[in-house]
Each structure stands twice: as structure tokens, then as C-alpha cells.
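One file, run31.cif, is given below (mmCIF, C-alpha atoms).
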```cif
data_start
#
loop_
_atom_site.label_atom_id
_atom_site.label_comp_id
_atom_site.auth_asym_id
_atom_site.auth_seq_id
_atom_site.Cartn_x
_atom_site.Cartn_y
_atom_site.Cartn_z
CA MET C 1 293.82 -16.24 90.36
CA SER C 2 291.85 -19.19 88.94
CA PHE C 3 288.12 -19.32 89.53
CA SER C 4 285.78 -22.28 89.57
CA PRO C 5 282.09 -21.37 89.49
CA ILE C 6 279.69 -23.08 91.88
CA GLN C 7 277.60 -25.31 89.64
CA SER C 8 274.45 -25.24 91.75
CA VAL C 9 274.42 -21.44 91.61
CA GLU C 10 275.06 -21.52 87.86
CA HIS C 11 272.18 -23.95 87.40
CA ALA C 12 269.84 -21.79 89.47
CA PHE C 13 270.57 -18.74 87.35
CA ARG C 14 270.24 -20.85 84.21
CA VAL C 15 266.72 -21.79 85.34
CA MET C 16 265.94 -18.09 85.79
CA ASP C 17 267.26 -17.36 82.28
CA LEU C 18 265.17 -20.14 80.79
CA LEU C 19 262.00 -18.99 82.54
CA ALA C 20 262.65 -15.41 81.45
CA ARG C 21 261.91 -16.66 77.94
CA GLY C 22 258.62 -18.26 78.99
CA GLY C 23 257.04 -20.86 81.25
CA SER C 24 258.43 -24.38 81.32
CA ASN C 25 257.75 -27.71 83.02
CA LEU C 26 260.20 -29.72 85.08
CA ARG C 27 261.03 -32.14 82.27
CA SER C 28 261.92 -29.38 79.85
CA LEU C 29 264.04 -27.61 82.46
CA SER C 30 265.88 -30.86 83.24
CA GLN C 31 266.66 -31.41 79.57
CA SER C 32 267.92 -27.84 79.13
CA LEU C 33 270.14 -28.10 82.20
CA GLY C 34 271.36 -31.60 81.43
CA LEU C 35 270.41 -32.68 84.96
CA SER C 36 268.22 -35.42 86.38
CA ALA C 37 264.64 -34.59 87.30
CA PRO C 38 265.36 -34.93 91.06
CA GLY C 39 268.39 -32.64 90.76
CA THR C 40 266.41 -30.04 88.83
CA LEU C 41 263.53 -30.30 91.29
CA LYS C 42 265.83 -29.33 94.17
CA ILE C 43 266.91 -26.20 92.35
CA VAL C 44 263.35 -25.34 91.33
CA LYS C 45 261.96 -25.83 94.85
CA THR C 46 264.74 -23.66 96.30
CA LEU C 47 263.97 -20.84 93.86
CA GLU C 48 260.26 -21.25 94.57
CA ALA C 49 260.83 -21.03 98.33
CA LEU C 50 262.83 -17.83 97.79
CA GLY C 51 259.94 -16.30 95.85
CA MET C 52 261.85 -16.12 92.57
CA ILE C 53 259.65 -18.55 90.61
CA CYS C 54 256.21 -20.08 91.00
CA GLN C 55 254.27 -23.00 89.60
CA GLY C 56 250.97 -22.46 87.82
CA ALA C 57 247.89 -24.63 87.68
CA ASP C 58 249.23 -26.17 84.45
CA LYS C 59 252.31 -27.40 86.38
CA ARG C 60 254.55 -25.08 84.41
CA TYR C 61 257.00 -22.86 86.23
CA GLY C 62 257.42 -19.16 85.58
CA LEU C 63 259.13 -16.13 87.09
CA SER C 64 257.53 -14.73 90.22
CA VAL C 65 256.96 -11.12 91.23
CA GLY C 66 259.81 -11.56 93.72
CA CYS C 67 262.27 -10.97 90.88
CA GLY C 68 261.11 -7.39 90.62
CA LYS C 69 262.75 -6.28 93.84
CA TYR C 70 266.19 -6.71 92.31
CA ALA C 71 265.31 -4.57 89.28
CA ARG C 72 263.91 -1.90 91.60
CA ALA C 73 267.00 -2.03 93.82
CA TYR C 74 269.27 -1.70 90.79
CA CYS C 75 267.41 1.45 89.71
CA VAL C 76 267.63 2.95 93.20
CA GLN C 77 271.37 2.28 93.31
CA HIS C 78 271.87 4.15 90.02
CA PRO C 79 270.48 7.66 90.64
CA LEU C 80 271.92 8.77 87.28
CA ARG C 81 268.97 7.02 85.68
CA GLU C 82 266.33 9.21 87.32
CA LEU C 83 268.42 12.37 86.98
CA ALA C 84 268.65 11.66 83.27
CA ARG C 85 264.98 10.84 82.75
CA PRO C 86 263.62 14.40 82.22
CA VAL C 87 266.58 15.26 79.98
CA LEU C 88 266.07 12.16 77.85
CA GLU C 89 262.31 12.68 77.69
CA ARG C 90 262.75 16.22 76.37
CA LEU C 91 265.34 15.08 73.82
CA SER C 92 263.20 12.18 72.62
CA LEU C 93 260.27 14.53 72.04
CA LEU C 94 262.50 16.95 70.13
CA VAL C 95 263.85 14.28 67.80
CA ASN C 96 260.73 12.07 67.91
CA ASP C 97 262.93 9.02 68.13
CA ARG C 98 264.51 6.60 70.59
CA VAL C 99 267.02 7.94 73.14
CA VAL C 100 269.26 5.73 75.28
CA LEU C 101 271.46 6.12 78.37
CA SER C 102 274.19 3.49 78.81
CA VAL C 103 277.10 2.90 81.19
CA LEU C 104 279.96 0.45 81.50
CA GLN C 105 279.61 -2.34 84.04
CA GLY C 106 283.09 -3.76 84.23
CA SER C 107 284.08 -3.92 80.57
CA LEU C 108 280.55 -4.48 79.26
CA GLN C 109 277.69 -2.10 78.49
CA SER C 110 274.51 -1.85 80.54
CA THR C 111 271.56 0.21 79.36
CA LEU C 112 270.03 2.17 82.24
CA LEU C 113 267.15 3.83 80.42
CA VAL C 114 265.44 3.88 77.03
CA ILE C 115 262.91 6.55 76.09
CA ASP C 116 260.85 6.26 72.91
CA PRO C 117 257.95 8.69 72.38
CA ARG C 118 256.47 6.41 69.74
CA GLN C 119 255.97 3.67 72.34
CA GLY C 120 254.95 5.94 75.20
CA LEU C 121 257.58 7.75 77.25
CA ARG C 122 257.29 5.20 80.05
CA HIS C 123 256.63 2.01 78.13
CA PRO C 124 256.98 -0.90 80.64
CA GLU C 125 259.40 -2.87 78.46
CA LEU C 126 261.70 0.14 78.07
CA GLU C 127 261.73 0.92 81.79
CA ILE C 128 263.77 -2.12 82.78
CA PRO C 129 267.59 -1.79 82.58
CA HIS C 130 269.28 -4.51 80.56
CA GLY C 131 272.76 -5.91 80.08
CA PRO C 132 275.61 -6.23 80.59
CA HIS C 133 276.62 -7.16 77.07
CA PRO C 134 279.43 -6.50 74.57
CA SER C 135 278.83 -3.33 72.57
CA LEU C 136 281.65 -2.71 70.10
CA GLN C 137 279.08 -2.60 67.29
CA LEU C 138 277.02 0.08 69.08
CA ALA C 139 277.61 3.83 69.07
CA THR C 140 277.11 3.99 72.86
CA GLY C 141 279.56 1.16 73.39
CA ARG C 142 282.22 2.85 71.26
CA VAL C 143 281.86 6.13 73.16
CA LEU C 144 282.15 4.34 76.49
CA LEU C 145 285.15 2.26 75.44
CA ALA C 146 286.89 5.25 73.84
CA ASN C 147 286.93 6.86 77.28
CA ALA C 148 287.67 3.75 79.35
CA PRO C 149 290.93 1.88 80.01
CA TRP C 150 292.20 0.09 76.90
CA GLU C 151 291.85 -3.26 78.71
CA CYS C 152 288.05 -2.90 78.59
CA ALA C 153 288.10 -2.71 74.79
CA LEU C 154 290.42 -5.71 74.58
CA GLU C 155 288.11 -7.76 76.81
CA GLN C 156 285.17 -6.95 74.56
CA LEU C 157 287.13 -7.67 71.37
CA ALA C 158 287.93 -11.16 72.68
CA LEU C 159 284.21 -11.92 73.08
CA TYR C 160 283.33 -11.54 69.39
CA PRO C 161 283.67 -14.25 66.72
CA ALA C 162 286.42 -13.34 64.25
CA ASP C 163 284.05 -12.50 61.37
CA TYR C 164 281.30 -10.75 63.37
CA LEU C 165 282.74 -7.25 63.57
CA PRO C 166 283.48 -4.92 60.63
CA VAL C 167 286.79 -5.68 58.96
CA ASP C 168 288.43 -2.47 60.16
CA ILE C 169 288.08 -3.33 63.88
CA ARG C 170 288.71 -7.06 63.93
CA ASN C 171 292.18 -6.59 65.38
CA GLU C 172 293.74 -4.47 68.12
CA ASP C 173 295.30 -1.90 65.81
CA GLY C 174 292.06 -1.26 63.96
CA LEU C 175 290.07 -0.98 67.17
CA LYS C 176 292.60 1.39 68.71
CA LYS C 177 292.39 3.69 65.66
CA LEU C 178 288.59 3.67 65.71
CA LEU C 179 288.37 4.52 69.41
CA ALA C 180 290.96 7.28 68.98
CA VAL C 181 288.75 8.86 66.30
CA VAL C 182 285.68 8.60 68.55
CA ARG C 183 287.61 10.20 71.40
CA ARG C 184 288.89 13.00 69.11
CA ASP C 185 285.50 13.73 67.52
CA GLY C 186 283.51 13.39 70.73
CA TYR C 187 280.86 11.14 69.20
CA ALA C 188 280.26 7.82 67.44
CA LEU C 189 277.89 7.11 64.55
CA VAL C 190 277.01 3.64 63.28
CA PRO C 191 274.36 2.23 60.91
CA THR C 192 271.64 -0.01 62.31
CA SER C 193 269.79 -3.02 60.97
CA GLN C 194 266.85 -0.72 60.22
CA LEU C 195 266.83 0.90 56.79
CA GLN C 196 267.74 4.63 56.90
CA VAL C 197 268.29 4.59 60.66
CA SER C 198 271.67 5.49 62.22
CA TYR C 199 272.72 5.34 65.85
CA LEU C 200 274.55 8.35 67.30
CA ALA C 201 276.15 8.59 70.74
CA VAL C 202 277.96 11.29 72.73
CA PRO C 203 279.75 11.12 76.10
CA VAL C 204 278.22 12.32 79.36
CA SER C 205 280.78 13.68 81.84
CA GLY C 206 280.59 13.60 85.61
CA HIS C 207 282.55 15.39 88.32
CA GLY C 208 286.05 16.29 87.20
CA GLY C 209 285.25 15.71 83.53
CA ALA C 210 285.48 11.91 83.50
CA VAL C 211 283.06 10.19 81.13
CA ILE C 212 280.49 8.24 83.15
CA ALA C 213 277.85 7.41 80.53
CA ALA C 214 276.94 7.55 76.86
CA LEU C 215 273.81 9.21 75.54
CA GLY C 216 272.58 7.64 72.33
CA LEU C 217 269.80 8.42 69.90
CA HIS C 218 268.43 7.03 66.68
CA ILE C 219 268.49 9.25 63.60
CA THR C 220 265.95 8.38 60.95
CA ALA C 221 266.48 9.80 57.45
CA PRO C 222 266.05 12.49 56.23
CA LYS C 223 266.97 14.06 59.59
CA ASN C 224 270.22 16.01 59.58
CA ILE C 225 273.05 14.33 61.49
CA ASP C 226 274.70 17.64 62.47
CA ASP C 227 271.45 18.92 63.96
CA SER C 228 270.96 15.67 65.89
CA LEU C 229 274.55 15.81 67.14
CA ALA C 230 274.04 19.36 68.42
CA LEU C 231 270.88 18.32 70.27
CA ALA C 232 272.59 15.26 71.76
CA ARG C 233 275.54 17.34 72.99
CA GLN C 234 273.20 19.91 74.48
CA ALA C 235 271.33 17.18 76.36
CA ALA C 236 274.60 15.62 77.56
CA ALA C 237 275.76 19.00 78.87
CA GLU C 238 272.41 19.51 80.61
CA LEU C 239 272.74 16.12 82.29
CA ALA C 240 276.33 16.86 83.31
CA ASN C 241 275.16 20.11 84.95
CA ALA C 242 272.44 18.19 86.82
CA LEU C 243 275.15 15.99 88.35
CA VAL C 244 276.92 18.95 89.97
CA PRO C 245 276.09 18.94 93.72
#
```
Target format C-alpha cells, applied to this file:
Amino acid sequence: MSFSPIQSVEHAFRVMDLLARGGSNLRSLSQSLGLSAPGTLKIVKTLEALGMICQGADKRYGLSVGCGKYARAYCVQHPLRELARPVLERLSLLVNDRVVLSVLQGSLQSTLLVIDPRQGLRHPELEIPHGPHPSLQLATGRVLLANAPWECALEQLALYPADYLPVDIRNEDGLKKLLAVVRRDGYALVPTSQLQVSYLAVPVSGHGGAVIAALGLHITAPKNIDDSLALARQAAAELANALVP
């Protein structure tokens, strides 16, 4: 069934996206939206009345505290996040590196929780879930897609520019082989943009054995990959046991 988005709603969320990057005045917002100043003002005043944005003394608009209720509601609606917190905190302290919990939202990845002992276990920036976004280049994304319907992987593949992904997964056959290996091995390992840092992920199973999340962690050389994999699997099993009613 064809779908035509409601432009006024799109524009409102575009304003929110723009202000998430920093404060902006009405003129700048109008230029970014490609709308007239009066048209932009209607959208801005509506968002302001709803408590989503506010105007400062310098006449620049910014996000308001009202946005926070949606982040809080999202966290409440995903109890896996808080169940996983103590498990991830212990693992992050063991490996002294970043640990991540991600899930699929539709065909895209959302990150529910990031723990990094080097930034404080409850660093404000790491507390906020983020996504959804394509994740074929991430270890967590590969674990999730390896255990999801094939259509999810195809939807993600279509989102990438032709030359963005590694050569071996730029087509359906290559991607299918890669995900089959991840499913067989029970983990994914990819390099990162940071020198000597790899990203490892293992599946987290829920009731009945279905994979419901991916637990990822950074491995900084000279740490042993096999040791890190054993710790990650142990944490995933601990989290799976915590999910049993």
C-alpha cells in the first residue's frame, strides 16, 4: 500500500532534529526547511506550545525539557534495558572497556544501553538510547540480522551506497554467506575505526531460545579475543537467565 507522509509532521520532526544539533533562530530554521518564515513560525509555535522547544533570551530556539518524557517512557517500555544493566556493568568492569546492548526495531538497530567504565558507569550521554539505524557494518547488527528474517537484512542492504560496505557483502549472496557464518559461530567480530580496537558481539536469547538482543563489547589489543568471547557469552547467558519468569 502506498504511503504519503504528512508534510507538516515531517517538518515538525525536522525542526526537532535541527535543534538537537544546537540552538537556531527562525531564519536559519526556515532556510533549512525550505519554508517561508510565517510557515516555519507556525510549526515552531506549535512545538513550543507542546513543551518540546523553547526560545531563549537571544531569540534562538532550542529543545525543551519536555522532550525528556519520551526518552524516559521508551526506557520504561523496554525493561530488558534495566535487567541488563547490572550484567553489563559487571562485564564492563571485567574487560575495562565499552559494553553495548542492542535490539532490532523493525529492520534497523537501536542501542538500548552503553556502559563504559572509563567514562563513568552512568555517564549521561551513554544513558540515552539511540537509533534506529542501519548496522550491517557493526558486530551487534550482524548478530541481530543473522537471527532475524532474511527480509530485515535485505532492507538494510538497500540503505547503503554501493561502495560503502566491504566488498564481500555488497550483494545478497555475500551477505547471506556472512550471516550464515555468524549464525553458525554464534558471534560476530569486526574492526573499528580506532587503531587496535575490535568490536565483538554475541546473541542474547529470550524465552524459547529466540534471539532478542545482541551484547557487544570493544576489545582493545593486546586483549585475547577468545577470553573476551568467553566473558561475553557468560554475560549473555546470565542475562538470558534473568529473563526467565
Pick from C:Lys176, C:Lys223, C:Arg85, C:His11, whichever lies nearest to Ile115 (chain C) using all atoms listed in the file: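 Result for the nearest residue to Ile115 (chain C): C:Arg85.
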On this structure, the PyMOL selection byres ((chain C and resi 196) around 10) would catch which residues? List them as a PyMOL selection string, sorted by chain and number. chain C and resi 191-195+197-198+219-223
Mind giving me the straight-line distance from CA of Pro149 (chain C) to CA of Tyr70 (chain C) in Å, one decimal?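 Distance reported for this atom pair: 28.9 Å.
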Mind giving me the straight-line distance from CA of Arg183 (chain C) to CA of Gly141 (chain C) in Å, one decimal?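 These two atoms are separated by 12.3 Å.
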Using only C-alpha atoms, which residue out of C:Leu101, C:Leu33, C:Arg118, C:His133 lies closest to Glu10 (chain C)? C:Leu33
Distance criterion (all atoms listed in the file): nearest to Gly208 (chain C) out of C:Leu243, C:Arg21, C:Tyr74, C:Cys67: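 With all atoms listed in the file as the atom set, the closest residue is C:Leu243.
Shortest separation to Leu112 (chain C) among C:Gly186, C:Gly216, C:Gly66, C:Gly34 occurs at residue C:Gly216, atoms counted being all atoms listed in the file.
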Write out as a PyMOL selection string the residues lying within 12 Å of region 75-79 of chain C, counting all atoms listed in the file and excluding same-chain residues fewer than 5 positions away. chain C and resi 68-70+84-85+101-103+105+110-113+127-130+212-213+242-243
Which of C:Leu50, C:Leu159, C:Ala71, C:Val9 sits closest to Ser107 (chain C) [using only C-alpha atoms]: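 Using only C-alpha atoms, Ser107 (chain C) sits closest to C:Leu159.
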